[in-house]
$ cat model29.txt   # compact mmCIF, C-alpha atoms
# COMPACT_ATOMS: atom_id res chain seq x y z
CA MET A 1327 11.74 -5.99 14.32
CA SER A 1328 8.94 -3.68 15.19
CA ILE A 1329 6.26 -2.11 13.06
CA ASP A 1330 6.33 1.10 15.10
CA GLY A 1331 8.40 2.77 12.38
CA ILE A 1332 5.63 2.35 9.82
CA GLY A 1333 3.77 5.62 9.77
CA GLY A 1334 3.97 5.77 13.55
CA GLY A 1335 1.61 2.84 14.11
CA GLY A 1336 -1.91 2.10 12.88
CA ALA A 1337 -3.77 5.03 14.40
CA MET A 1338 -0.83 7.38 13.88
CA GLY A 1339 -0.65 6.52 10.18
CA VAL A 1340 -4.32 7.38 9.74
CA ASP A 1341 -3.88 10.48 11.91
CA ARG A 1342 -0.92 11.52 9.75
CA VAL A 1343 -2.98 11.20 6.55
CA MET A 1344 -5.90 13.08 8.08
CA ALA A 1345 -3.56 15.80 9.36
CA LEU A 1346 -2.05 16.11 5.89
CA ARG A 1347 -5.53 16.39 4.39
CA ALA A 1348 -6.53 19.06 6.92
CA GLN A 1349 -3.33 20.96 6.21
CA ILE A 1350 -3.99 20.87 2.46
CA LEU A 1351 -7.55 22.12 2.96
CA GLU A 1352 -6.34 24.87 5.30
CA ARG A 1353 -3.73 26.04 2.80
CA ASN A 1354 -6.26 25.95 0.01
CA GLN A 1355 -8.53 28.24 2.00
CA ALA A 1356 -5.60 30.52 2.84
CA LEU A 1357 -4.66 30.75 -0.84
CA ALA A 1358 -8.26 31.53 -1.75
CA ARG A 1359 -8.32 34.33 0.85
CA ALA A 1360 -4.94 35.61 -0.31
CA GLY A 1361 -6.11 35.63 -3.92
CA ALA A 1362 -9.00 37.88 -2.94
CA THR A 1363 -6.62 40.46 -1.39
CA SER A 1364 -4.02 42.61 -3.11
CA GLY A 1365 -1.05 40.96 -1.29
CA ALA A 1366 -1.53 37.57 -2.95
CA ALA A 1367 1.95 37.21 -4.47
CA PRO A 1368 4.07 37.16 -1.26
CA ALA A 1369 1.66 34.83 0.54
CA ALA A 1370 1.45 32.39 -2.37
CA ALA A 1371 5.24 32.41 -2.90
CA SER A 1372 5.98 30.98 0.56
CA LYS A 1373 3.35 28.21 0.47
CA PRO A 1374 4.77 25.83 -2.18
CA ALA A 1375 8.00 25.17 -0.23
CA SER A 1376 6.07 24.11 2.88
CA PHE A 1377 3.67 22.01 0.84
CA ALA A 1378 6.58 20.38 -0.99
CA ALA A 1379 8.29 19.58 2.30
CA THR A 1380 5.08 18.12 3.69
CA MET A 1381 4.57 15.98 0.59
CA GLU A 1382 8.20 14.83 0.69
CA ASP A 1383 7.84 13.78 4.33
CA ALA A 1384 4.62 11.92 3.55
CA LEU A 1385 6.21 10.09 0.62
CA LYS A 1386 9.22 9.15 2.72
CA SER A 1387 6.89 7.81 5.40
CA VAL A 1388 4.98 5.69 2.87
CA ASN A 1389 8.24 4.41 1.40
CA GLN A 1390 9.56 3.52 4.85
CA GLY A 1391 6.34 1.64 5.56
CA GLN A 1392 6.70 -0.39 2.39
CA VAL A 1393 10.36 -1.16 3.10
CA GLU A 1394 9.53 -2.24 6.65
CA ALA A 1395 6.65 -4.44 5.46
CA GLY A 1396 8.94 -6.03 2.89
CA LYS A 1397 11.58 -6.76 5.53
CA LEU A 1398 9.01 -8.32 7.86
CA SER A 1399 7.58 -10.44 5.03
CA GLU A 1400 11.03 -11.65 3.99
CA ALA A 1401 11.95 -12.49 7.58
CA TYR A 1402 8.72 -14.46 8.00
CA GLU A 1403 9.33 -16.31 4.73
CA ARG A 1404 12.86 -17.22 5.90
CA GLY A 1405 11.30 -18.88 8.93
CA GLU A 1406 12.38 -16.37 11.56
CA THR A 1407 10.26 -16.11 14.69
CA ILE A 1408 7.91 -13.29 13.73
CA ASP A 1409 4.24 -13.05 14.56
CA ILE A 1410 2.13 -13.38 11.41
CA ALA A 1411 -0.21 -10.72 12.76
CA LYS A 1412 2.66 -8.20 12.75
CA VAL A 1413 3.54 -9.13 9.19
CA MET A 1414 -0.04 -8.78 7.99
CA MET A 1415 -0.53 -5.52 9.88
CA ALA A 1416 2.63 -4.05 8.36
CA ARG A 1417 1.54 -5.10 4.86
CA GLN A 1418 -1.92 -3.60 5.36
CA GLN A 1419 -0.46 -0.34 6.67
CA ALA A 1420 1.88 -0.15 3.69
CA SER A 1421 -1.03 -0.87 1.36
CA VAL A 1422 -3.24 1.81 2.91
CA GLY A 1423 -0.38 4.33 2.83
CA PHE A 1424 0.28 3.60 -0.83
CA GLU A 1425 -3.41 3.85 -1.70
CA ALA A 1426 -3.66 7.21 0.10
CA THR A 1427 -0.61 8.42 -1.83
CA LEU A 1428 -2.24 7.40 -5.10
CA GLN A 1429 -5.41 9.28 -4.18
CA VAL A 1430 -3.43 12.43 -3.35
CA ARG A 1431 -1.57 12.10 -6.66
CA ASN A 1432 -4.85 11.70 -8.53
CA LYS A 1433 -6.31 14.80 -6.86
CA LEU A 1434 -3.17 16.82 -7.65
CA LEU A 1435 -3.26 15.74 -11.30
CA SER A 1436 -6.95 16.57 -11.51
CA ALA A 1437 -6.32 20.02 -10.03
CA TYR A 1438 -3.43 20.57 -12.45
CA LYS A 1439 -5.61 19.60 -15.43
CA ASP A 1440 -8.37 21.92 -14.21
CA ILE A 1441 -5.93 24.81 -13.89
CA MET A 1442 -4.40 24.14 -17.30
CA SER A 1443 -7.82 24.06 -18.96
CA MET A 1444 -8.87 27.43 -17.51
CA PRO A 1445 -9.19 30.23 -20.04
CA VAL A 1446 -6.71 33.05 -19.56
$ encode --input "model29.txt" --output "structure tokens"
Amino acid sequence: MSIDGIGGGGAMGVDRVMALRAQILERNQALARAGATSGAAPAAASKPASFAATMEDALKSVNQGQVEAGKLSEAYERGETIDIAKVMMARQQASVGFEATLQVRNKLLSAYKDIMSMPV
């Protein structure tokens, strides 16, 4: 088995998270600009679907990384010929992906709470 399927490799996994972060920041700025103009409703209506698709892809990638790390760990524990470095790398990548997902979730919940506490 190969760990290439886990987030696209070590650097690619980090690049994917950073690209997702940049995309979120870019959309946030676009929404802020759209809110300042009169045509805010059509621009804001199309954004959530793309954001949802991006989040779904990211979650699937994290899940795939965890599944792959689990398979490699189980194979190593069964005594199959697998390099321990690959097993540890896969587990670390899965751990970092999960931690990044938790941080994104925490930021989304914080933003939701901030929005809900705003006076109307």
$ atom_distance --input "model29.txt" --atom1 "CA of Ser1421 (chain A)" --atom2 "CA of Arg1342 (chain A)"
15.0 Å
$ residues_near_point --input "model29.txt" --point "(-3.2, 12.7, 0.9)" --cutoff "7 Å" --atoms "all atoms listed in the file" --output "list in words"
Val1343, Leu1346, Arg1347, Ala1426, Thr1427, Gln1429 and Val1430 of chain A
$ atom_distance --input "model29.txt" --atom1 "CA of Gln1392 (chain A)" --atom2 "CA of Ala1420 (chain A)"
5.0 Å
$ atom_distance --input "model29.txt" --atom1 "CA of Thr1380 (chain A)" --atom2 "CA of Met1442 (chain A)"
23.8 Å
$ residues_near_point --input "model29.txt" --point "(1.2, 2.9, 0.8)" --cutoff "10 Å" --atoms "only C-alpha atoms" --output "list in words"
Gly1333, Leu1385, Ser1387, Val1388, Asn1389, Gln1390, Gly1391, Gln1392, Arg1417, Gln1418, Gln1419, Ala1420, Ser1421, Val1422, Gly1423, Phe1424, Glu1425, Ala1426, Thr1427 and Leu1428 of chain A
$ residues_around --input "model29.txt" --residues "Ser1399 (chain A)" --least-positions-apart "4" --cutoff "7 Å" --atoms "only C-alpha atoms" --output "ChimeraX atom specification"
/A:1395,1403,1413
$ axis_aligned_box --input "model29.txt" --around "region 1401-1414 of chain A" --padding-each-side "4 Å" --output "lines of an AutoDock Vina configuration file"
center_x = 6.3
center_y = -13.5
center_z = 9.7
size_x = 21.1
size_y = 18.7
size_z = 18.0
$ closest_residue --input "model29.txt" --among "A:Ile1441, A:Val1393, A:Ile1350, A:Leu1398" --to "Lys1412 (chain A)" --atoms "only C-alpha atoms"
A:Leu1398
$ decode --input "model29.txt" --residues "region 1421-1438 of chain A" --atoms "N, CA, C and O atoms" --output "mmCIF file, in the first residue's frame"
data_model
loop_
_atom_site.group_PDB
_atom_site.id
_atom_site.type_symbol
_atom_site.label_atom_id
_atom_site.label_comp_id
_atom_site.auth_asym_id
_atom_site.auth_seq_id
_atom_site.Cartn_x
_atom_site.Cartn_y
_atom_site.Cartn_z
ATOM 1 N N SER A 1421 -3.450 12.585 11.637
ATOM 2 C CA SER A 1421 -3.600 13.379 12.849
ATOM 3 C C SER A 1421 -3.623 14.876 12.541
ATOM 4 O O SER A 1421 -4.466 15.618 13.063
ATOM 5 N N VAL A 1422 -2.731 15.322 11.678
ATOM 6 C CA VAL A 1422 -2.679 16.737 11.310
ATOM 7 C C VAL A 1422 -3.952 17.130 10.559
ATOM 8 O O VAL A 1422 -4.532 18.196 10.800
ATOM 9 N N GLY A 1423 -4.409 16.272 9.653
ATOM 10 C CA GLY A 1423 -5.644 16.551 8.920
ATOM 11 C C GLY A 1423 -6.837 16.664 9.851
ATOM 12 O O GLY A 1423 -7.674 17.563 9.713
ATOM 13 N N PHE A 1424 -6.917 15.763 10.827
ATOM 14 C CA PHE A 1424 -8.016 15.801 11.779
ATOM 15 C C PHE A 1424 -7.940 17.052 12.643
ATOM 16 O O PHE A 1424 -8.962 17.707 12.894
ATOM 17 N N GLU A 1425 -6.747 17.405 13.081
ATOM 18 C CA GLU A 1425 -6.578 18.606 13.909
ATOM 19 C C GLU A 1425 -6.961 19.859 13.124
ATOM 20 O O GLU A 1425 -7.614 20.762 13.663
ATOM 21 N N ALA A 1426 -6.586 19.917 11.851
ATOM 22 C CA ALA A 1426 -6.964 21.064 11.009
ATOM 23 C C ALA A 1426 -8.476 21.130 10.849
ATOM 24 O O ALA A 1426 -9.072 22.214 10.888
ATOM 25 N N THR A 1427 -9.111 19.974 10.700
ATOM 26 C CA THR A 1427 -10.570 19.931 10.580
ATOM 27 C C THR A 1427 -11.231 20.439 11.858
ATOM 28 O O THR A 1427 -12.210 21.189 11.804
ATOM 29 N N LEU A 1428 -10.689 20.050 12.999
ATOM 30 C CA LEU A 1428 -11.229 20.544 14.267
ATOM 31 C C LEU A 1428 -11.087 22.061 14.385
ATOM 32 O O LEU A 1428 -11.996 22.746 14.876
ATOM 33 N N GLN A 1429 -9.963 22.593 13.942
ATOM 34 C CA GLN A 1429 -9.755 24.037 14.010
ATOM 35 C C GLN A 1429 -10.733 24.783 13.105
ATOM 36 O O GLN A 1429 -11.268 25.830 13.473
ATOM 37 N N VAL A 1430 -10.969 24.239 11.902
ATOM 38 C CA VAL A 1430 -11.943 24.853 10.993
ATOM 39 C C VAL A 1430 -13.329 24.801 11.621
ATOM 40 O O VAL A 1430 -14.078 25.784 11.595
ATOM 41 N N ARG A 1431 -13.689 23.663 12.210
ATOM 42 C CA ARG A 1431 -14.982 23.537 12.879
ATOM 43 C C ARG A 1431 -15.120 24.554 14.002
ATOM 44 O O ARG A 1431 -16.153 25.222 14.148
ATOM 45 N N ASN A 1432 -14.073 24.699 14.798
ATOM 46 C CA ASN A 1432 -14.112 25.654 15.900
ATOM 47 C C ASN A 1432 -14.297 27.083 15.404
ATOM 48 O O ASN A 1432 -15.056 27.860 15.994
ATOM 49 N N LYS A 1433 -13.616 27.428 14.314
ATOM 50 C CA LYS A 1433 -13.751 28.777 13.750
ATOM 51 C C LYS A 1433 -15.158 28.991 13.202
ATOM 52 O O LYS A 1433 -15.744 30.069 13.356
ATOM 53 N N LEU A 1434 -15.718 27.966 12.549
ATOM 54 C CA LEU A 1434 -17.077 28.087 12.021
ATOM 55 C C LEU A 1434 -18.088 28.248 13.158
ATOM 56 O O LEU A 1434 -19.009 29.068 13.060
ATOM 57 N N LEU A 1435 -17.935 27.475 14.219
ATOM 58 C CA LEU A 1435 -18.841 27.610 15.362
ATOM 59 C C LEU A 1435 -18.711 28.978 16.020
ATOM 60 O O LEU A 1435 -19.712 29.585 16.416
ATOM 61 N N SER A 1436 -17.491 29.464 16.119
ATOM 62 C CA SER A 1436 -17.270 30.785 16.696
ATOM 63 C C SER A 1436 -17.933 31.863 15.835
ATOM 64 O O SER A 1436 -18.588 32.772 16.363
ATOM 65 N N ALA A 1437 -17.782 31.752 14.528
ATOM 66 C CA ALA A 1437 -18.413 32.720 13.626
ATOM 67 C C ALA A 1437 -19.930 32.639 13.728
ATOM 68 O O ALA A 1437 -20.619 33.671 13.746
ATOM 69 N N TYR A 1438 -20.466 31.431 13.816
ATOM 70 C CA TYR A 1438 -21.911 31.257 13.961
ATOM 71 C C TYR A 1438 -22.410 31.899 15.255
ATOM 72 O O TYR A 1438 -23.418 32.604 15.261
#
